[in-house]
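Dumped start37.pdb below, it's PDB, C-alpha atoms:
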```pdb
ATOM      1  CA  MET A   1      18.996  -4.006 -20.431
ATOM      2  CA  ILE A   2      16.296  -4.054 -17.773
ATOM      3  CA  ALA A   3      14.717  -0.786 -16.623
ATOM      4  CA  ILE A   4      12.727  -0.289 -13.441
ATOM      5  CA  THR A   5      10.491   2.751 -13.085
ATOM      6  CA  GLY A   6       9.948   4.296  -9.672
ATOM      7  CA  ALA A   7      13.285   2.773  -8.716
ATOM      8  CA  THR A   8      13.792   4.992  -5.668
ATOM      9  CA  GLY A   9      10.447   4.001  -4.199
ATOM     10  CA  GLN A  10      10.060   1.380  -1.507
ATOM     11  CA  LEU A  11       9.230  -1.425  -3.942
ATOM     12  CA  GLY A  12      11.576  -0.303  -6.697
ATOM     13  CA  ARG A  13      14.645  -0.288  -4.468
ATOM     14  CA  LEU A  14      13.879  -3.814  -3.300
ATOM     15  CA  VAL A  15      13.470  -5.014  -6.889
ATOM     16  CA  ILE A  16      16.866  -3.631  -7.829
ATOM     17  CA  GLU A  17      18.364  -5.138  -4.674
ATOM     18  CA  ALA A  18      16.993  -8.534  -5.724
ATOM     19  CA  LEU A  19      18.222  -8.155  -9.314
ATOM     20  CA  VAL A  20      21.797  -7.121  -8.510
ATOM     21  CA  LYS A  21      22.199 -10.395  -6.636
ATOM     22  CA  LYS A  22      21.677 -12.249  -9.902
ATOM     23  CA  ILE A  23      22.924 -10.027 -12.751
ATOM     24  CA  PRO A  24      25.550  -7.277 -13.084
ATOM     25  CA  ALA A  25      24.338  -3.875 -11.878
ATOM     26  CA  GLY A  26      25.419  -2.371 -15.201
ATOM     27  CA  GLN A  27      22.601  -4.264 -16.916
ATOM     28  CA  LEU A  28      20.021  -2.323 -14.878
ATOM     29  CA  ILE A  29      18.519   1.096 -15.440
ATOM     30  CA  ALA A  30      16.879   2.975 -12.578
ATOM     31  CA  ALA A  31      14.292   5.232 -14.198
ATOM     32  CA  VAL A  32      13.531   7.853 -11.570
ATOM     33  CA  ARG A  33      11.895  11.234 -11.173
ATOM     34  CA  SER A  34      14.776  12.633  -9.103
ATOM     35  CA  PRO A  35      18.160  11.162 -10.131
ATOM     36  CA  GLU A  36      19.861  12.762  -7.132
ATOM     37  CA  LYS A  37      17.882  10.428  -4.893
ATOM     38  CA  ALA A  38      19.420   7.444  -6.672
ATOM     39  CA  ALA A  39      23.064   8.286  -5.998
ATOM     40  CA  ASP A  40      23.444   5.120  -3.947
ATOM     41  CA  LEU A  41      22.204   3.044  -6.886
ATOM     42  CA  ALA A  42      24.658   4.772  -9.216
ATOM     43  CA  ARG A  43      27.488   3.916  -6.848
ATOM     44  CA  GLN A  44      26.526   0.253  -7.205
ATOM     45  CA  GLY A  45      26.902   0.538 -10.958
ATOM     46  CA  VAL A  46      23.217   0.862 -11.837
ATOM     47  CA  GLN A  47      22.519   3.299 -14.673
ATOM     48  CA  VAL A  48      20.348   6.145 -13.415
ATOM     49  CA  ARG A  49      18.130   8.007 -15.885
ATOM     50  CA  ALA A  50      15.594  10.787 -15.373
ATOM     51  CA  ALA A  51      12.071   9.543 -16.057
ATOM     52  CA  ASP A  52       9.080  11.507 -14.798
ATOM     53  CA  TYR A  53       5.630  10.017 -15.374
ATOM     54  CA  ASN A  54       4.288  13.570 -15.635
ATOM     55  CA  LYS A  55       6.901  14.631 -18.205
ATOM     56  CA  PRO A  56       6.495  12.322 -21.195
ATOM     57  CA  GLU A  57       9.401  14.018 -22.957
ATOM     58  CA  THR A  58      11.775  12.408 -20.440
ATOM     59  CA  LEU A  59      10.585   8.877 -20.999
ATOM     60  CA  VAL A  60      11.689   7.880 -24.502
ATOM     61  CA  ALA A  61      15.306   8.790 -23.756
ATOM     62  CA  ALA A  62      15.090   6.957 -20.425
ATOM     63  CA  PHE A  63      14.028   3.774 -22.189
ATOM     64  CA  ALA A  64      16.596   3.884 -25.001
ATOM     65  CA  GLY A  65      18.256   0.489 -25.359
ATOM     66  CA  VAL A  66      15.875  -1.139 -22.885
ATOM     67  CA  GLU A  67      14.725  -4.650 -23.697
ATOM     68  CA  LYS A  68      12.565  -5.274 -20.618
ATOM     69  CA  LEU A  69      10.708  -2.672 -18.565
ATOM     70  CA  LEU A  70       9.171  -3.063 -15.131
ATOM     71  CA  LEU A  71       6.406  -0.474 -14.849
ATOM     72  CA  ILE A  72       5.781   0.049 -11.149
ATOM     73  CA  SER A  73       2.398   1.697 -10.784
ATOM     74  CA  GLY A  74       2.472   5.361  -9.808
ATOM     75  CA  SER A  75       1.530   6.528  -6.348
ATOM     76  CA  GLU A  76      -0.731   9.398  -7.373
ATOM     77  CA  VAL A  77      -4.190   7.860  -7.331
ATOM     78  CA  GLY A  78      -6.397   9.566  -9.898
ATOM     79  CA  GLN A  79      -3.497  10.431 -12.198
ATOM     80  CA  ARG A  80      -2.146   6.980 -12.827
ATOM     81  CA  GLU A  81      -3.990   6.130 -16.035
ATOM     82  CA  ALA A  82      -2.509   9.143 -17.835
ATOM     83  CA  GLN A  83       0.912   8.548 -16.289
ATOM     84  CA  HIS A  84       0.960   4.889 -17.244
ATOM     85  CA  ARG A  85      -0.220   5.720 -20.763
ATOM     86  CA  ALA A  86       2.789   8.013 -21.140
ATOM     87  CA  VAL A  87       5.148   5.265 -19.982
ATOM     88  CA  ILE A  88       3.632   2.632 -22.260
ATOM     89  CA  ASP A  89       3.646   4.965 -25.279
ATOM     90  CA  ALA A  90       7.288   5.887 -24.634
ATOM     91  CA  ALA A  91       8.265   2.257 -24.200
ATOM     92  CA  LYS A  92       6.685   1.386 -27.556
ATOM     93  CA  THR A  93       8.437   4.295 -29.258
ATOM     94  CA  ALA A  94      11.761   3.302 -27.713
ATOM     95  CA  GLY A  95      11.417  -0.266 -28.948
ATOM     96  CA  VAL A  96      11.011  -1.962 -25.565
ATOM     97  CA  LYS A  97      10.264  -5.623 -26.188
ATOM     98  CA  PHE A  98       8.532  -6.553 -22.926
ATOM     99  CA  ILE A  99       6.716  -4.756 -20.093
ATOM    100  CA  ALA A 100       5.805  -6.170 -16.692
ATOM    101  CA  TYR A 101       3.264  -4.107 -14.778
ATOM    102  CA  THR A 102       2.503  -4.123 -11.046
ATOM    103  CA  SER A 103      -1.279  -4.275 -11.071
ATOM    104  CA  LEU A 104      -3.788  -5.201  -8.344
ATOM    105  CA  LEU A 105      -4.858  -8.631  -7.117
ATOM    106  CA  HIS A 106      -7.723  -9.858  -9.320
ATOM    107  CA  ALA A 107      -7.835  -6.418 -10.928
ATOM    108  CA  ASP A 108     -10.361  -7.580 -13.514
ATOM    109  CA  LYS A 109     -13.006  -8.111 -10.842
ATOM    110  CA  SER A 110     -11.670  -6.298  -7.781
ATOM    111  CA  PRO A 111     -14.240  -4.440  -5.656
ATOM    112  CA  LEU A 112     -11.535  -1.963  -4.601
ATOM    113  CA  GLY A 113     -11.688   1.494  -6.132
ATOM    114  CA  LEU A 114      -7.983   1.114  -6.850
ATOM    115  CA  GLY A 115      -8.938  -1.452  -9.461
ATOM    116  CA  ILE A 116     -10.293   1.181 -11.848
ATOM    117  CA  GLU A 117      -6.919   2.619 -12.850
ATOM    118  CA  HIS A 118      -5.286  -0.784 -12.869
ATOM    119  CA  ARG A 119      -7.922  -2.145 -15.239
ATOM    120  CA  ALA A 120      -7.434   0.901 -17.467
ATOM    121  CA  THR A 121      -3.669   0.342 -17.520
ATOM    122  CA  GLU A 122      -4.079  -3.330 -18.333
ATOM    123  CA  ALA A 123      -6.281  -2.293 -21.266
ATOM    124  CA  LEU A 124      -3.623   0.181 -22.417
ATOM    125  CA  LEU A 125      -1.022  -2.564 -22.367
ATOM    126  CA  GLN A 126      -3.281  -4.848 -24.367
ATOM    127  CA  ALA A 127      -3.855  -2.135 -26.955
ATOM    128  CA  SER A 128      -0.175  -1.204 -27.187
ATOM    129  CA  GLY A 129       0.944  -4.327 -28.978
ATOM    130  CA  VAL A 130       3.993  -4.574 -26.710
ATOM    131  CA  PRO A 131       4.287  -8.039 -25.101
ATOM    132  CA  PHE A 132       3.506  -7.785 -21.393
ATOM    133  CA  ALA A 133       2.917  -9.646 -18.140
ATOM    134  CA  LEU A 134       0.738  -8.640 -15.225
ATOM    135  CA  LEU A 135       1.984  -8.828 -11.655
ATOM    136  CA  ARG A 136      -1.296  -8.458  -9.827
ATOM    137  CA  ASN A 137      -0.043  -7.658  -6.351
ATOM    138  CA  GLY A 138      -2.152  -8.147  -3.261
ATOM    139  CA  TRP A 139      -1.820  -6.015  -0.130
ATOM    140  CA  TYR A 140       1.507  -5.312   1.517
ATOM    141  CA  SER A 141       1.527  -6.473   5.135
ATOM    142  CA  GLU A 142       3.433  -3.264   5.868
ATOM    143  CA  ASN A 143       0.312  -1.286   4.961
ATOM    144  CA  TYR A 144      -1.373  -2.523   8.134
ATOM    145  CA  ALA A 145       1.818  -2.657  10.181
ATOM    146  CA  ALA A 146       2.095   1.112   9.688
ATOM    147  CA  SER A 147      -0.929   1.497  11.975
ATOM    148  CA  ILE A 148       0.655  -0.354  14.887
ATOM    149  CA  ALA A 149       1.965   2.753  16.665
ATOM    150  CA  PRO A 150      -1.407   4.526  16.892
ATOM    151  CA  ALA A 151      -3.055   1.208  17.765
ATOM    152  CA  LEU A 152      -0.741   0.838  20.738
ATOM    153  CA  ALA A 153      -1.254   4.453  21.765
ATOM    154  CA  HIS A 154      -5.029   4.039  21.847
ATOM    155  CA  HIS A 155      -5.206   0.290  22.582
ATOM    156  CA  ALA A 156      -7.375   0.007  19.485
ATOM    157  CA  PHE A 157      -6.781  -0.907  15.849
ATOM    158  CA  ILE A 158      -9.477   0.604  13.640
ATOM    159  CA  GLY A 159     -10.546  -0.476  10.188
ATOM    160  CA  ALA A 160     -13.481  -1.230   7.941
ATOM    161  CA  ALA A 161     -12.602  -4.698   6.661
ATOM    162  CA  ASP A 162     -15.109  -6.448   8.945
ATOM    163  CA  ARG A 163     -14.470 -10.225   8.710
ATOM    164  CA  GLY A 164     -12.867 -10.111   5.288
ATOM    165  CA  ARG A 165      -9.821 -12.328   4.962
ATOM    166  CA  ILE A 166      -6.617 -10.653   3.819
ATOM    167  CA  ALA A 167      -3.821 -12.645   2.191
ATOM    168  CA  SER A 168      -1.060 -10.070   2.386
ATOM    169  CA  ALA A 169       2.676 -10.524   1.905
ATOM    170  CA  SER A 170       5.724  -8.420   2.591
ATOM    171  CA  ARG A 171       6.969  -5.817   0.147
ATOM    172  CA  GLN A 172      10.149  -7.904  -0.110
ATOM    173  CA  ASP A 173       8.126 -10.886  -1.303
ATOM    174  CA  TYR A 174       6.529  -8.890  -4.113
ATOM    175  CA  ALA A 175       9.880  -7.364  -5.080
ATOM    176  CA  GLU A 176      11.481 -10.791  -5.426
ATOM    177  CA  ALA A 177       8.558 -11.894  -7.585
ATOM    178  CA  ALA A 178       8.991  -8.905  -9.881
ATOM    179  CA  ALA A 179      12.717  -9.566 -10.169
ATOM    180  CA  GLU A 180      12.096 -13.223 -11.005
ATOM    181  CA  VAL A 181       9.692 -12.313 -13.818
ATOM    182  CA  MET A 182      12.143  -9.778 -15.245
ATOM    183  CA  LEU A 183      14.865 -12.419 -15.369
ATOM    184  CA  ARG A 184      12.757 -15.137 -16.975
ATOM    185  CA  ASP A 185      12.135 -15.599 -20.680
ATOM    186  CA  ASP A 186       8.762 -16.285 -22.288
ATOM    187  CA  GLN A 187       6.773 -14.197 -19.786
ATOM    188  CA  ALA A 188       4.576 -12.435 -22.321
ATOM    189  CA  GLY A 189       0.906 -13.080 -21.627
ATOM    190  CA  LYS A 190       1.451 -14.270 -18.064
ATOM    191  CA  VAL A 191      -0.959 -13.059 -15.384
ATOM    192  CA  TYR A 192       0.228 -13.608 -11.823
ATOM    193  CA  GLU A 193      -2.271 -13.302  -8.976
ATOM    194  CA  LEU A 194       0.147 -12.601  -6.122
ATOM    195  CA  ALA A 195      -0.776 -12.870  -2.441
ATOM    196  CA  GLY A 196       0.522 -14.260   0.835
ATOM    197  CA  ASP A 197       0.400 -17.895   1.810
ATOM    198  CA  ASP A 198      -1.417 -17.160   5.055
ATOM    199  CA  HIS A 199      -4.438 -14.959   5.595
ATOM    200  CA  TYR A 200      -6.162 -13.217   8.467
ATOM    201  CA  THR A 201      -8.955 -10.899   9.481
ATOM    202  CA  LEU A 202      -8.059  -7.529  10.977
ATOM    203  CA  ALA A 203      -9.314  -8.848  14.296
ATOM    204  CA  GLN A 204      -6.686 -11.601  14.083
ATOM    205  CA  PHE A 205      -4.046  -9.099  12.988
ATOM    206  CA  THR A 206      -4.895  -6.979  16.025
ATOM    207  CA  ALA A 207      -4.794  -9.995  18.334
ATOM    208  CA  GLU A 208      -1.274 -10.736  17.095
ATOM    209  CA  ILE A 209      -0.189  -7.187  17.902
ATOM    210  CA  ALA A 210      -1.628  -7.559  21.393
ATOM    211  CA  ALA A 211       0.077 -10.902  21.880
ATOM    212  CA  GLN A 212       3.456  -9.586  20.825
ATOM    213  CA  ILE A 213       3.306  -6.437  22.945
ATOM    214  CA  GLY A 214       1.628  -8.118  25.912
ATOM    215  CA  GLU A 215      -1.031  -5.433  26.166
ATOM    216  CA  LYS A 216      -4.727  -5.206  25.405
ATOM    217  CA  VAL A 217      -5.493  -3.988  21.880
ATOM    218  CA  ASP A 218      -8.978  -4.316  20.419
ATOM    219  CA  TYR A 219     -10.035  -4.289  16.807
ATOM    220  CA  ILE A 220     -12.815  -1.783  16.169
ATOM    221  CA  ASN A 221     -14.670  -2.183  12.899
ATOM    222  CA  LEU A 222     -16.162   1.028  11.554
ATOM    223  CA  PRO A 223     -18.430   1.841   8.629
ATOM    224  CA  GLN A 224     -16.369   2.942   5.638
ATOM    225  CA  ALA A 225     -17.273   6.631   5.928
ATOM    226  CA  GLU A 226     -16.498   6.728   9.647
ATOM    227  CA  PHE A 227     -13.163   5.032   9.106
ATOM    228  CA  ALA A 228     -12.272   7.564   6.415
ATOM    229  CA  ASP A 229     -13.209  10.429   8.736
ATOM    230  CA  ALA A 230     -11.106   8.945  11.534
ATOM    231  CA  LEU A 231      -8.092   8.758   9.222
ATOM    232  CA  LYS A 232      -8.577  12.357   8.127
ATOM    233  CA  ASN A 233      -8.872  13.476  11.740
ATOM    234  CA  ALA A 234      -5.587  11.671  12.395
ATOM    235  CA  GLY A 235      -3.942  13.862   9.772
ATOM    236  CA  LEU A 236      -4.034  11.752   6.621
ATOM    237  CA  PRO A 237      -4.705  13.574   3.346
ATOM    238  CA  GLU A 238      -8.308  13.263   2.212
ATOM    239  CA  GLY A 239      -7.515  11.261  -0.912
ATOM    240  CA  LEU A 240      -5.343   8.767   0.952
ATOM    241  CA  ALA A 241      -7.867   8.387   3.755
ATOM    242  CA  ASP A 242     -10.689   7.715   1.305
ATOM    243  CA  MET A 243      -8.558   5.211  -0.618
ATOM    244  CA  LEU A 244      -7.606   3.275   2.505
ATOM    245  CA  ALA A 245     -11.194   3.178   3.718
ATOM    246  CA  ASP A 246     -12.402   2.022   0.309
ATOM    247  CA  SER A 247      -9.713  -0.673   0.245
ATOM    248  CA  ASP A 248     -10.790  -1.955   3.647
ATOM    249  CA  ALA A 249     -14.377  -2.068   2.440
ATOM    250  CA  GLY A 250     -13.175  -3.996  -0.593
ATOM    251  CA  ALA A 251     -11.314  -6.396   1.685
ATOM    252  CA  ALA A 252     -14.588  -7.048   3.490
ATOM    253  CA  GLN A 253     -15.925  -8.279   0.142
ATOM    254  CA  GLY A 254     -12.965 -10.605  -0.408
ATOM    255  CA  GLY A 255     -10.974  -8.243  -2.596
ATOM    256  CA  LEU A 256      -7.662  -8.892  -0.833
ATOM    257  CA  PHE A 257      -7.933 -12.673  -0.574
ATOM    258  CA  ASP A 258      -6.341 -15.328  -2.762
ATOM    259  CA  ASP A 259      -5.214 -18.825  -1.843
ATOM    260  CA  SER A 260      -3.486 -19.920  -5.059
ATOM    261  CA  HIS A 261       0.014 -19.607  -3.510
ATOM    262  CA  THR A 262       1.196 -18.205  -6.832
ATOM    263  CA  LEU A 263       3.568 -15.796  -5.106
ATOM    264  CA  SER A 264       5.408 -18.408  -3.065
ATOM    265  CA  LYS A 265       5.661 -20.674  -6.102
ATOM    266  CA  LEU A 266       7.184 -17.826  -8.106
ATOM    267  CA  ILE A 267       9.790 -16.839  -5.530
ATOM    268  CA  GLY A 268      10.574 -20.415  -4.515
ATOM    269  CA  ARG A 269       9.901 -20.024  -0.799
ATOM    270  CA  ALA A 270       7.056 -19.383   1.611
ATOM    271  CA  THR A 271       5.896 -15.790   1.806
ATOM    272  CA  THR A 272       6.782 -13.763   4.887
ATOM    273  CA  PRO A 273       4.277 -14.422   7.707
ATOM    274  CA  TYR A 274       2.363 -11.328   8.759
ATOM    275  CA  GLN A 275       3.456 -12.086  12.321
ATOM    276  CA  ASP A 276       7.053 -11.474  11.242
ATOM    277  CA  VAL A 277       6.141  -8.143   9.649
ATOM    278  CA  ILE A 278       4.416  -7.087  12.871
ATOM    279  CA  ARG A 279       7.484  -8.145  14.862
ATOM    280  CA  ALA A 280       9.788  -6.139  12.631
ATOM    281  CA  ALA A 281       7.547  -3.067  12.818
ATOM    282  CA  MET A 282       7.504  -3.248  16.620
ATOM    283  CA  LYS A 283      11.302  -3.068  16.691
ATOM    284  CA  LYS A 284      11.418   0.216  14.811
TER     285      LYS A 284
END
```

Can the structure in the file be given as structure tokens, please?
Amino acid sequence: MIAITGATGQLGRLVIEALVKKIPAGQLIAAVRSPEKAADLARQGVQVRAADYNKPETLVAAFAGVEKLLLISGSEVGQREAQHRAVIDAAKTAGVKFIAYTSLLHADKSPLGLGIEHRATEALLQASGVPFALLRNGWYSENYAASIAPALAHHAFIGAADRGRIASASRQDYAEAAAEVMLRDDQAGKVYELAGDDHYTLAQFTAEIAAQIGEKVDYINLPQAEFADALKNAGLPEGLADMLADSDAGAAQGGLFDDSHTLSKLIGRATTPYQDVIRAAMKK
């Protein structure tokens, strides 16, 4: 049995979608905080079990009979180390034989603040004694595509990544990579640095938006603090705004760049061009 945590999230759903194309749905367990949100997965034959990172008592039962576990990192920045510890402890108690964890690109040396909790989780996995693999995911192209609408409204795309090169890939690309690792044998000890085949600066990303829409859109690079304030003024929660600004600043230092093509090698095809992600976002 293969279990996927956070299975109703954007990445988790795509991982299950990729897996059910290759193995029977009955061999999958969707470990989710709110089982009612996974009714569609249940209808496909996927086993749905309650598993709340913040309620450790739910986790051991959720992982009963699981051989392989995909631990998708939690979304609550600042709480993830404790949440991931609970998952790893429960997996060990339940007798899980292998854990794959969605970490951060070059987490061991990443300048991004997000790297702190990922490094802590990697250390927890190492200490657990449970065989594991690290899926060190780079940036999702959709993260930047989400800012297209306000960029068009103001004819400006703002950020703090300066001239840093970003090798992002689509969420679908990362999901297929996770599915591939879960289906393979002998993955214990593997560390995958996953990023897109192509890379760009935010100025180039903005130029592509302008080219596709046929209107003028300028990239405006801001100091990290000013970018964070702009995001907060736009209505983003303080923690999210600070995280995004910090991540851009990390990108300026090369934190979101990798040219190993490990992701495309793993999934057996080229990663999705960022131009395609922009095109898809513009159609929504």

- Rounded to one decimal place, report the CA of Ala153 (chain A)-CA of Glu208 (chain A) distance in Å. 15.9 Å

- Check what the PyMOL selection byres ((chain A and resi 164) around 9) selects in the file above and give those residues as a PyMOL selection string. chain A and resi 161-163+165-166+200-202+248-257

Which residues of region 5-58 of chain A come within 12 Å of region 99-108 of chain A, and what is each one's closest atom pair and distance in Å (one decimal), counting all atoms listed in the file, sorted by chain and residue number, as a Markdown table?
```
| residue | atom | partner | partner_atom | distance |
| --- | --- | --- | --- | --- |
| A:Thr5 | CA | A:Tyr101 | CA | 10.1 |
| A:Gly6 | CA | A:Thr102 | CA | 11.3 |
| A:Leu11 | CA | A:Thr102 | CA | 10.1 |
| A:Gly12 | CA | A:Thr102 | CA | 10.8 |
| A:Val15 | CA | A:Thr102 | CA | 11.8 |
```

- Shortest contact to Gln212 (chain A), candidates A:His199, A:Arg43, A:Lys190, A:Lys283, atoms counted only C-alpha atoms, goes to A:Lys283

- Find the spatial neighbours of Arg13 (chain A), counting all atoms listed in the file, within a cut-off of 12 Å - ignore same-chain residues fewer than 4 positions away - and output them as a ChimeraX atom specification. /A:4-9,17-20,28-32,37-38,40-41,46,72,171-172,174-176,178-179

- Task: Name the residues that the PyMOL selection byres ((chain A and resi 274-278) around 12) picks from the file above, as a PyMOL selection string, using the file's chain letters and numbers.
- Result: chain A and resi 139-149+166-173+195-202+204-213+270-273+279-284

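Reported to one decimal place, the separation of CA of Met243 (chain A) from CA of Asp89 (chain A) is 27.5 Å.
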
- Task: Identify which of the residues A:Ala42, A:Ala177, A:Ala160, A:Ala82 lies closest to Leu194 (chain A), counting all atoms listed in the file when measuring atom-to-atom distances.
- Result: A:Ala177

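As for CA of Ala203 (chain A) and CA of Ala156 (chain A), they are spaced 10.4 Å apart.
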
- Find the residue from A:Gly95, A:Pro111, A:Gly78, A:Gly45 that sits nearest to Gly65 (chain A); use all atoms listed in the file when measuring.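 Counting all atoms listed in the file, the residue closest to Gly65 (chain A) is A:Gly95.
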